[in-house]
>>> print(open('data.csv').read())   # CSV, C-alpha atoms
chain,number,residue,atom,x,y,z
A,966,MET,CA,-28.4,-39.4,-45.7
A,967,THR,CA,-25.7,-39.9,-43.1
A,968,ASP,CA,-24.4,-36.3,-43.7
A,969,ARG,CA,-27.5,-34.8,-42.0
A,970,ALA,CA,-26.5,-36.2,-38.6
A,971,LEU,CA,-23.1,-34.6,-38.9
A,972,THR,CA,-24.4,-31.0,-39.5
A,973,PRO,CA,-25.6,-30.3,-35.8
A,974,VAL,CA,-22.3,-31.6,-34.4
A,975,VAL,CA,-20.2,-29.4,-36.7
A,976,GLY,CA,-22.5,-26.4,-35.9
A,977,LYS,CA,-22.1,-26.9,-32.1
A,978,GLY,CA,-18.4,-27.4,-32.5
A,979,LEU,CA,-18.1,-24.0,-34.4
A,980,GLU,CA,-20.2,-22.3,-31.7
A,981,VAL,CA,-17.9,-23.6,-28.9
A,982,LEU,CA,-14.8,-22.5,-30.9
A,983,LEU,CA,-16.2,-19.0,-31.4
A,984,VAL,CA,-17.0,-18.7,-27.6
A,985,LEU,CA,-13.5,-19.9,-26.7
A,986,LEU,CA,-12.0,-17.4,-29.1
A,987,TYR,CA,-14.1,-14.6,-27.6
A,988,ILE,CA,-13.1,-15.5,-24.0
A,989,ALA,CA,-9.4,-15.8,-24.9
A,990,SER,CA,-9.4,-12.4,-26.6
A,991,LEU,CA,-11.2,-10.8,-23.6
A,992,VAL,CA,-8.7,-12.3,-21.1
A,993,THR,CA,-5.8,-11.1,-23.3
A,994,VAL,CA,-7.1,-7.6,-23.5
A,995,LEU,CA,-7.8,-7.4,-19.7
A,996,HIS,CA,-4.5,-8.8,-18.6
A,997,GLY,CA,-2.5,-6.9,-21.2
A,998,GLY,CA,-3.8,-3.4,-20.7
A,999,VAL,CA,-6.7,-2.7,-18.3
A,1000,LEU,CA,-5.9,-4.7,-15.2
A,1001,PRO,CA,-2.2,-3.7,-14.8
A,1002,GLU,CA,-3.1,0.0,-15.1
A,1003,TYR,CA,-5.9,-0.4,-12.5
A,1004,ARG,CA,-3.6,-2.4,-10.2
A,1005,THR,CA,-0.9,0.3,-10.4
A,1006,ALA,CA,-3.5,3.1,-9.7
A,1007,ALA,CA,-4.9,1.2,-6.7
A,1008,ALA,CA,-1.4,0.5,-5.3
A,1009,ALA,CA,-0.5,4.2,-5.6
A,1010,GLU,CA,-3.7,5.1,-3.7
A,1011,VAL,CA,-2.9,2.6,-1.0
A,1012,SER,CA,0.7,3.9,-0.8
A,1013,ASP,CA,-0.5,7.5,-0.3
A,1014,ARG,CA,-3.1,6.5,2.3
A,1015,THR,CA,-0.5,4.5,4.2
A,1016,LEU,CA,1.8,7.4,4.4
A,1017,VAL,CA,-0.9,9.8,5.5
A,1018,THR,CA,-2.2,7.3,8.2
A,1019,ALA,CA,1.3,6.8,9.6
A,1020,ALA,CA,1.9,10.6,9.8
A,1021,ASP,CA,-1.5,11.1,11.4
A,1022,ARG,CA,-0.8,8.5,14.1
A,1023,ILE,CA,2.6,10.0,14.8
A,1024,GLU,CA,1.2,13.6,15.0
A,1025,ALA,CA,-1.6,12.5,17.3
A,1026,SER,CA,0.8,10.9,19.7
A,1027,ILE,CA,2.5,14.2,20.6
A,1028,PRO,CA,1.1,15.8,23.9
A,1029,PRO,CA,0.7,19.5,24.6
A,1030,SER,CA,3.9,21.3,25.4
A,1031,SER,CA,3.3,21.5,29.2
A,1032,THR,CA,3.4,17.8,29.9
A,1033,ALA,CA,5.9,15.0,30.0
A,1034,VAL,CA,5.2,11.9,28.0
A,1035,ASN,CA,5.9,8.2,28.0
A,1036,VAL,CA,3.5,6.6,25.4
A,1037,THR,CA,3.7,3.5,23.2
A,1038,ARG,CA,1.1,2.9,20.5
A,1039,THR,CA,0.7,0.5,17.6
A,1040,VAL,CA,-0.1,1.7,14.1
A,1041,ALA,CA,-2.0,-0.5,11.7
A,1042,LEU,CA,-0.4,-0.6,8.3
A,1043,PRO,CA,-0.9,-2.9,5.3
A,1044,ASP,CA,1.7,-5.7,5.1
A,1045,THR,CA,2.3,-5.1,1.4
A,1046,ILE,CA,1.6,-2.6,-1.3
A,1047,ASP,CA,1.2,-4.1,-4.7
A,1048,ARG,CA,2.3,-7.5,-3.3
A,1049,ALA,CA,5.7,-6.1,-2.2
A,1050,THR,CA,7.0,-5.2,1.3
A,1051,TYR,CA,8.0,-1.6,1.9
A,1052,ARG,CA,9.7,0.6,4.6
A,1053,ILE,CA,8.6,3.8,6.3
A,1054,ARG,CA,11.4,5.9,7.8
A,1055,ALA,CA,11.8,9.2,9.4
A,1056,VAL,CA,14.1,11.6,7.6
A,1057,ASP,CA,14.6,15.3,8.4
A,1058,GLY,CA,11.1,15.9,9.8
A,1059,ALA,CA,9.3,13.9,7.2
A,1060,LEU,CA,8.1,10.3,6.6
A,1061,VAL,CA,9.5,8.6,3.6
A,1062,LEU,CA,7.9,5.4,2.2
A,1063,ASP,CA,10.4,3.3,0.3
A,1064,HIS,CA,8.9,0.8,-2.1
A,1065,PRO,CA,10.6,-1.4,-4.7
A,1066,ASP,CA,8.5,0.4,-7.3
A,1067,ASP,CA,9.7,4.0,-7.3
A,1068,ALA,CA,6.2,5.1,-8.5
A,1069,LEU,CA,4.8,3.9,-5.2
A,1070,SER,CA,7.4,5.6,-3.0
A,1071,GLY,CA,6.6,8.9,-1.4
A,1072,ARG,CA,7.6,11.6,1.1
A,1073,LEU,CA,5.3,13.5,3.5
A,1074,PRO,CA,6.4,16.3,5.9
A,1075,LEU,CA,5.3,16.0,9.5
A,1076,ALA,CA,3.5,18.9,11.1
A,1077,LEU,CA,5.3,18.8,14.5
A,1078,PRO,CA,6.6,21.5,16.9
A,1079,ASP,CA,10.4,22.2,17.0
A,1080,ARG,CA,10.8,20.4,20.3
A,1081,VAL,CA,9.9,17.0,18.7
A,1082,VAL,CA,12.5,14.8,17.0
A,1083,VAL,CA,11.4,11.8,15.0
A,1084,GLU,CA,13.7,8.9,14.2
A,1085,GLY,CA,13.6,5.2,13.3
A,1086,THR,CA,12.1,2.9,10.7
A,1087,TRP,CA,9.1,0.7,10.2
A,1088,GLU,CA,9.3,-2.5,8.1
A,1089,SER,CA,5.9,-3.4,6.6
A,1090,ASP,CA,6.3,-7.1,7.6
A,1091,ASP,CA,6.8,-6.2,11.3
A,1092,PRO,CA,4.4,-4.6,13.7
A,1093,ALA,CA,4.6,-0.8,13.6
A,1094,VAL,CA,5.0,0.8,17.0
A,1095,VAL,CA,5.4,4.5,18.0
A,1096,ARG,CA,7.3,5.2,21.2
A,1097,VAL,CA,7.0,8.8,22.4
A,1098,ARG,CA,9.3,9.8,25.3
A,1099,GLY,CA,10.2,13.2,26.7
A,1100,THR,CA,9.6,16.2,28.9
A,1101,ALA,CA,7.8,19.4,28.3
A,1102,ASP,CA,10.9,20.9,26.5
A,1103,ARG,CA,12.0,18.0,24.3
A,1104,VAL,CA,10.1,15.0,22.9
A,1105,ARG,CA,11.6,12.1,21.0
A,1106,VAL,CA,9.4,9.9,18.8
A,1107,ILE,CA,10.9,6.5,17.9
A,1108,LEU,CA,9.5,4.4,15.1
A,1109,ALA,CA,10.1,0.8,16.1
>>> encode(input="data.csv", output="structure tokens")
Amino acid sequence: MTDRALTPVVGKGLEVLLVLLYIASLVTVLHGGVLPEYRTAAAAEVSDRTLVTAADRIEASIPPSSTAVNVTRTVALPDTIDRATYRIRAVDGALVLDHPDDALSGRLPLALPDRVVVEGTWESDDPAVVRVRGTADRVRVILA
């Protein structure tokens, strides 16, 4: 007769064990395949948007050709992409995003007149500032 009291305890113990096995297998599947792929895709999108935003802010800072300019603007950029710092630099009329993960790096040509020269580098963990200096004939854009 004492065996009857043990049956509900064993049954509940088996139920708890099955639930724990189900949760463990679900966590393993998500962390092993689905979540890393999603995280990489989201980081690539953030990387692309960051580069486009930076280029847009630089291009919007250039005045019409008939005026002199002395402008300083800040640009809001994310501190990290995929939990890593990055760098944006000006190279041959384009912006280059350098990230430790090559899949998240990128290059975007700037649509600027010939009279504009862009130089400098932004580090993601420092404030991004655009300094535009020049005359009607020549404009210098400095990423600082």
>>> atom_distance(input="data.csv", atom1="CA of Tyr1051 (chain A)", atom2="CA of Leu1069 (chain A)")
9.5 Å
>>> atom_distance(input="data.csv", atom1="CA of Thr1015 (chain A)", atom2="CA of Pro1043 (chain A)")
7.5 Å
>>> closest_residue(input="data.csv", among="A:Val1081, A:Ala1009, A:Leu986, A:Gly1099", to="Asp1067 (chain A)", atoms="all atoms listed in the file")
A:Ala1009
>>> residues_around(input="data.csv", residues="Ser1026 (chain A)", least_positions_apart="4", cutoff="8 Å", atoms="all atoms listed in the file", output="list in words")
Arg1022, Val1036 and Val1097 of chain A
>>> write_last_selection(input="data.csv", atoms="C-alpha atoms", output="PDB file, in the coordinates of the input")
ATOM      1  CA  ARG A1022      -0.800   8.500  14.100  1.00  0.00           C
ATOM      2  CA  VAL A1036       3.500   6.600  25.400  1.00  0.00           C
ATOM      3  CA  VAL A1097       7.000   8.800  22.400  1.00  0.00           C
TER       4      VAL A1097
END
>>> atom_distance(input="data.csv", atom1="CA of Arg1080 (chain A)", atom2="CA of Ala1059 (chain A)")
14.7 Å
>>> residues_around(input="data.csv", residues="Ala1049 (chain A)", least_positions_apart="6", cutoff="10 Å", atoms="all atoms listed in the file", output="PyMOL selection string")
chain A and resi 1064-1066+1089-1090
>>> closest_residue(input="data.csv", among="A:Leu1042, A:Val1056, A:Ile1027, A:Val994", to="Pro1092 (chain A)", atoms="only C-alpha atoms")
A:Leu1042
>>> residues_near_point(input="data.csv", point="(11.4, 22.7, 21.7)", cutoff="12 Å", atoms="all atoms listed in the file", output="VMD selection string")
chain A and resid 1029 to 1031 1077 to 1082 1099 to 1105
>>> write_last_selection(input="data.csv", atoms="C-alpha atoms", output="short mmCIF file (atom, residue, chain, number, x, y, z; two decimals), in the frame of the given file")
data_model
loop_
_atom_site.label_atom_id
_atom_site.label_comp_id
_atom_site.auth_asym_id
_atom_site.auth_seq_id
_atom_site.Cartn_x
_atom_site.Cartn_y
_atom_site.Cartn_z
CA PRO A 1029 0.70 19.50 24.60
CA SER A 1030 3.90 21.30 25.40
CA SER A 1031 3.30 21.50 29.20
CA LEU A 1077 5.30 18.80 14.50
CA PRO A 1078 6.60 21.50 16.90
CA ASP A 1079 10.40 22.20 17.00
CA ARG A 1080 10.80 20.40 20.30
CA VAL A 1081 9.90 17.00 18.70
CA VAL A 1082 12.50 14.80 17.00
CA GLY A 1099 10.20 13.20 26.70
CA THR A 1100 9.60 16.20 28.90
CA ALA A 1101 7.80 19.40 28.30
CA ASP A 1102 10.90 20.90 26.50
CA ARG A 1103 12.00 18.00 24.30
CA VAL A 1104 10.10 15.00 22.90
CA ARG A 1105 11.60 12.10 21.00
#
>>> closest_residue(input="data.csv", among="A:Thr972, A:Ser1070, A:Ser990, A:Thr1037", to="Val1011 (chain A)", atoms="only C-alpha atoms")
A:Ser1070
>>> closest_residue(input="data.csv", among="A:Val1083, A:Ala1019, A:Ala1093, A:Leu979", to="Arg1038 (chain A)", atoms="only C-alpha atoms")
A:Ala1093
>>> residues_around(input="data.csv", residues="Val1095 (chain A)", least_positions_apart="5", cutoff="7 Å", atoms="all atoms listed in the file", output="list in words")
Ile1023, Thr1037, Arg1038, Thr1039, Val1106, Ile1107, Leu1108 and Ala1109 of chain A
>>> closest_residue(input="data.csv", among="A:Val1034, A:Thr1050, A:Glu1024, A:Val1061", to="Leu1075 (chain A)", atoms="all atoms listed in the file")
A:Glu1024
>>> closest_residue(input="data.csv", among="A:His996, A:Arg1072, A:Arg1098, A:Arg1048", to="Ala1008 (chain A)", atoms="all atoms listed in the file")
A:Arg1048
>>> decode(input="data.csv", residues="region 1005-1021 of chain A", atoms="all heavy atoms", output="PDB file, in the first residue's frame")
ATOM      1  N   THR A1005      23.744  38.563 -37.057  1.00  0.00           N
ATOM      2  CA  THR A1005      24.620  38.971 -38.155  1.00  0.00           C
ATOM      3  C   THR A1005      23.849  39.780 -39.189  1.00  0.00           C
ATOM      4  O   THR A1005      24.342  40.791 -39.685  1.00  0.00           O
ATOM      5  CB  THR A1005      25.251  37.733 -38.804  1.00  0.00           C
ATOM      6  OG1 THR A1005      25.989  37.017 -37.816  1.00  0.00           O
ATOM      7  CG2 THR A1005      26.176  38.117 -39.940  1.00  0.00           C
ATOM      8  N   ALA A1006      22.643  39.360 -39.517  1.00  0.00           N
ATOM      9  CA  ALA A1006      21.823  40.096 -40.487  1.00  0.00           C
ATOM     10  C   ALA A1006      21.462  41.479 -39.955  1.00  0.00           C
ATOM     11  O   ALA A1006      21.519  42.471 -40.691  1.00  0.00           O
ATOM     12  CB  ALA A1006      20.569  39.308 -40.830  1.00  0.00           C
ATOM     13  N   ALA A1007      21.108  41.556 -38.685  1.00  0.00           N
ATOM     14  CA  ALA A1007      20.777  42.851 -38.091  1.00  0.00           C
ATOM     15  C   ALA A1007      22.002  43.756 -38.046  1.00  0.00           C
ATOM     16  O   ALA A1007      21.910  44.960 -38.324  1.00  0.00           O
ATOM     17  CB  ALA A1007      20.211  42.649 -36.689  1.00  0.00           C
ATOM     18  N   ALA A1008      23.165  43.216 -37.724  1.00  0.00           N
ATOM     19  CA  ALA A1008      24.394  44.011 -37.680  1.00  0.00           C
ATOM     20  C   ALA A1008      24.763  44.519 -39.070  1.00  0.00           C
ATOM     21  O   ALA A1008      25.221  45.654 -39.223  1.00  0.00           O
ATOM     22  CB  ALA A1008      25.535  43.183 -37.095  1.00  0.00           C
ATOM     23  N   ALA A1009      24.557  43.712 -40.097  1.00  0.00           N
ATOM     24  CA  ALA A1009      24.843  44.157 -41.469  1.00  0.00           C
ATOM     25  C   ALA A1009      23.926  45.312 -41.856  1.00  0.00           C
ATOM     26  O   ALA A1009      24.363  46.274 -42.504  1.00  0.00           O
ATOM     27  CB  ALA A1009      24.683  42.997 -42.441  1.00  0.00           C
ATOM     28  N   GLU A1010      22.678  45.247 -41.446  1.00  0.00           N
ATOM     29  CA  GLU A1010      21.732  46.338 -41.737  1.00  0.00           C
ATOM     30  C   GLU A1010      22.141  47.608 -40.992  1.00  0.00           C
ATOM     31  O   GLU A1010      22.103  48.704 -41.567  1.00  0.00           O
ATOM     32  CB  GLU A1010      20.318  45.913 -41.333  1.00  0.00           C
ATOM     33  CG  GLU A1010      19.255  46.919 -41.680  1.00  0.00           C
ATOM     34  CD  GLU A1010      19.055  47.104 -43.164  1.00  0.00           C
ATOM     35  OE1 GLU A1010      19.305  46.163 -43.934  1.00  0.00           O
ATOM     36  OE2 GLU A1010      18.647  48.209 -43.570  1.00  0.00           O
ATOM     37  N   VAL A1011      22.537  47.490 -39.744  1.00  0.00           N
ATOM     38  CA  VAL A1011      22.995  48.656 -38.984  1.00  0.00           C
ATOM     39  C   VAL A1011      24.243  49.245 -39.618  1.00  0.00           C
ATOM     40  O   VAL A1011      24.392  50.469 -39.728  1.00  0.00           O
ATOM     41  CB  VAL A1011      23.249  48.285 -37.499  1.00  0.00           C
ATOM     42  CG1 VAL A1011      23.951  49.411 -36.759  1.00  0.00           C
ATOM     43  CG2 VAL A1011      21.947  47.940 -36.815  1.00  0.00           C
ATOM     44  N   SER A1012      25.145  48.414 -40.068  1.00  0.00           N
ATOM     45  CA  SER A1012      26.363  48.871 -40.730  1.00  0.00           C
ATOM     46  C   SER A1012      26.039  49.666 -41.989  1.00  0.00           C
ATOM     47  O   SER A1012      26.573  50.762 -42.206  1.00  0.00           O
ATOM     48  CB  SER A1012      27.243  47.674 -41.068  1.00  0.00           C
ATOM     49  OG  SER A1012      28.380  48.076 -41.779  1.00  0.00           O
ATOM     50  N   ASP A1013      25.149  49.139 -42.817  1.00  0.00           N
ATOM     51  CA  ASP A1013      24.745  49.840 -44.044  1.00  0.00           C
ATOM     52  C   ASP A1013      24.076  51.171 -43.732  1.00  0.00           C
ATOM     53  O   ASP A1013      24.380  52.193 -44.353  1.00  0.00           O
ATOM     54  CB  ASP A1013      23.805  48.975 -44.880  1.00  0.00           C
ATOM     55  CG  ASP A1013      24.487  47.779 -45.497  1.00  0.00           C
ATOM     56  OD1 ASP A1013      25.741  47.773 -45.552  1.00  0.00           O
ATOM     57  OD2 ASP A1013      23.781  46.839 -45.908  1.00  0.00           O
ATOM     58  N   ARG A1014      23.179  51.176 -42.778  1.00  0.00           N
ATOM     59  CA  ARG A1014      22.471  52.413 -42.410  1.00  0.00           C
ATOM     60  C   ARG A1014      23.425  53.441 -41.823  1.00  0.00           C
ATOM     61  O   ARG A1014      23.280  54.638 -42.068  1.00  0.00           O
ATOM     62  CB  ARG A1014      21.356  52.113 -41.415  1.00  0.00           C
ATOM     63  CG  ARG A1014      20.185  51.423 -42.043  1.00  0.00           C
ATOM     64  CD  ARG A1014      19.073  51.251 -41.069  1.00  0.00           C
ATOM     65  NE  ARG A1014      17.990  50.494 -41.671  1.00  0.00           N
ATOM     66  CZ  ARG A1014      16.863  50.216 -41.060  1.00  0.00           C
ATOM     67  NH1 ARG A1014      16.670  50.635 -39.835  1.00  0.00           N
ATOM     68  NH2 ARG A1014      15.926  49.529 -41.668  1.00  0.00           N
ATOM     69  N   THR A1015      24.389  53.002 -41.054  1.00  0.00           N
ATOM     70  CA  THR A1015      25.372  53.922 -40.481  1.00  0.00           C
ATOM     71  C   THR A1015      26.172  54.609 -41.578  1.00  0.00           C
ATOM     72  O   THR A1015      26.374  55.831 -41.553  1.00  0.00           O
ATOM     73  CB  THR A1015      26.316  53.162 -39.526  1.00  0.00           C
ATOM     74  OG1 THR A1015      25.536  52.588 -38.478  1.00  0.00           O
ATOM     75  CG2 THR A1015      27.356  54.083 -38.938  1.00  0.00           C
ATOM     76  N   LEU A1016      26.613  53.850 -42.553  1.00  0.00           N
ATOM     77  CA  LEU A1016      27.385  54.411 -43.661  1.00  0.00           C
ATOM     78  C   LEU A1016      26.543  55.393 -44.479  1.00  0.00           C
ATOM     79  O   LEU A1016      27.012  56.477 -44.833  1.00  0.00           O
ATOM     80  CB  LEU A1016      27.903  53.276 -44.537  1.00  0.00           C
ATOM     81  CG  LEU A1016      29.127  53.535 -45.388  1.00  0.00           C
ATOM     82  CD1 LEU A1016      30.278  54.109 -44.582  1.00  0.00           C
ATOM     83  CD2 LEU A1016      29.559  52.254 -46.062  1.00  0.00           C
ATOM     84  N   VAL A1017      25.305  55.048 -44.756  1.00  0.00           N
ATOM     85  CA  VAL A1017      24.419  55.934 -45.515  1.00  0.00           C
ATOM     86  C   VAL A1017      24.119  57.209 -44.730  1.00  0.00           C
ATOM     87  O   VAL A1017      24.125  58.312 -45.289  1.00  0.00           O
ATOM     88  CB  VAL A1017      23.114  55.196 -45.900  1.00  0.00           C
ATOM     89  CG1 VAL A1017      22.063  56.157 -46.431  1.00  0.00           C
ATOM     90  CG2 VAL A1017      23.402  54.114 -46.914  1.00  0.00           C
ATOM     91  N   THR A1018      23.876  57.091 -43.434  1.00  0.00           N
ATOM     92  CA  THR A1018      23.613  58.265 -42.601  1.00  0.00           C
ATOM     93  C   THR A1018      24.814  59.196 -42.574  1.00  0.00           C
ATOM     94  O   THR A1018      24.675  60.415 -42.703  1.00  0.00           O
ATOM     95  CB  THR A1018      23.252  57.840 -41.163  1.00  0.00           C
ATOM     96  OG1 THR A1018      22.068  57.040 -41.212  1.00  0.00           O
ATOM     97  CG2 THR A1018      23.019  59.035 -40.267  1.00  0.00           C
ATOM     98  N   ALA A1019      25.997  58.642 -42.420  1.00  0.00           N
ATOM     99  CA  ALA A1019      27.213  59.461 -42.397  1.00  0.00           C
ATOM    100  C   ALA A1019      27.395  60.186 -43.729  1.00  0.00           C
ATOM    101  O   ALA A1019      27.691  61.392 -43.759  1.00  0.00           O
ATOM    102  CB  ALA A1019      28.422  58.587 -42.092  1.00  0.00           C
ATOM    103  N   ALA A1020      27.215  59.484 -44.836  1.00  0.00           N
ATOM    104  CA  ALA A1020      27.356  60.111 -46.156  1.00  0.00           C
ATOM    105  C   ALA A1020      26.311  61.200 -46.350  1.00  0.00           C
ATOM    106  O   ALA A1020      26.617  62.282 -46.879  1.00  0.00           O
ATOM    107  CB  ALA A1020      27.233  59.052 -47.247  1.00  0.00           C
ATOM    108  N   ASP A1021      25.091  60.961 -45.918  1.00  0.00           N
ATOM    109  CA  ASP A1021      24.020  61.946 -46.050  1.00  0.00           C
ATOM    110  C   ASP A1021      24.344  63.218 -45.274  1.00  0.00           C
ATOM    111  O   ASP A1021      24.148  64.329 -45.771  1.00  0.00           O
ATOM    112  CB  ASP A1021      22.707  61.342 -45.563  1.00  0.00           C
ATOM    113  CG  ASP A1021      21.546  62.286 -45.723  1.00  0.00           C
ATOM    114  OD1 ASP A1021      21.375  62.819 -46.841  1.00  0.00           O
ATOM    115  OD2 ASP A1021      20.801  62.499 -44.737  1.00  0.00           O
TER     116      ASP A1021
END
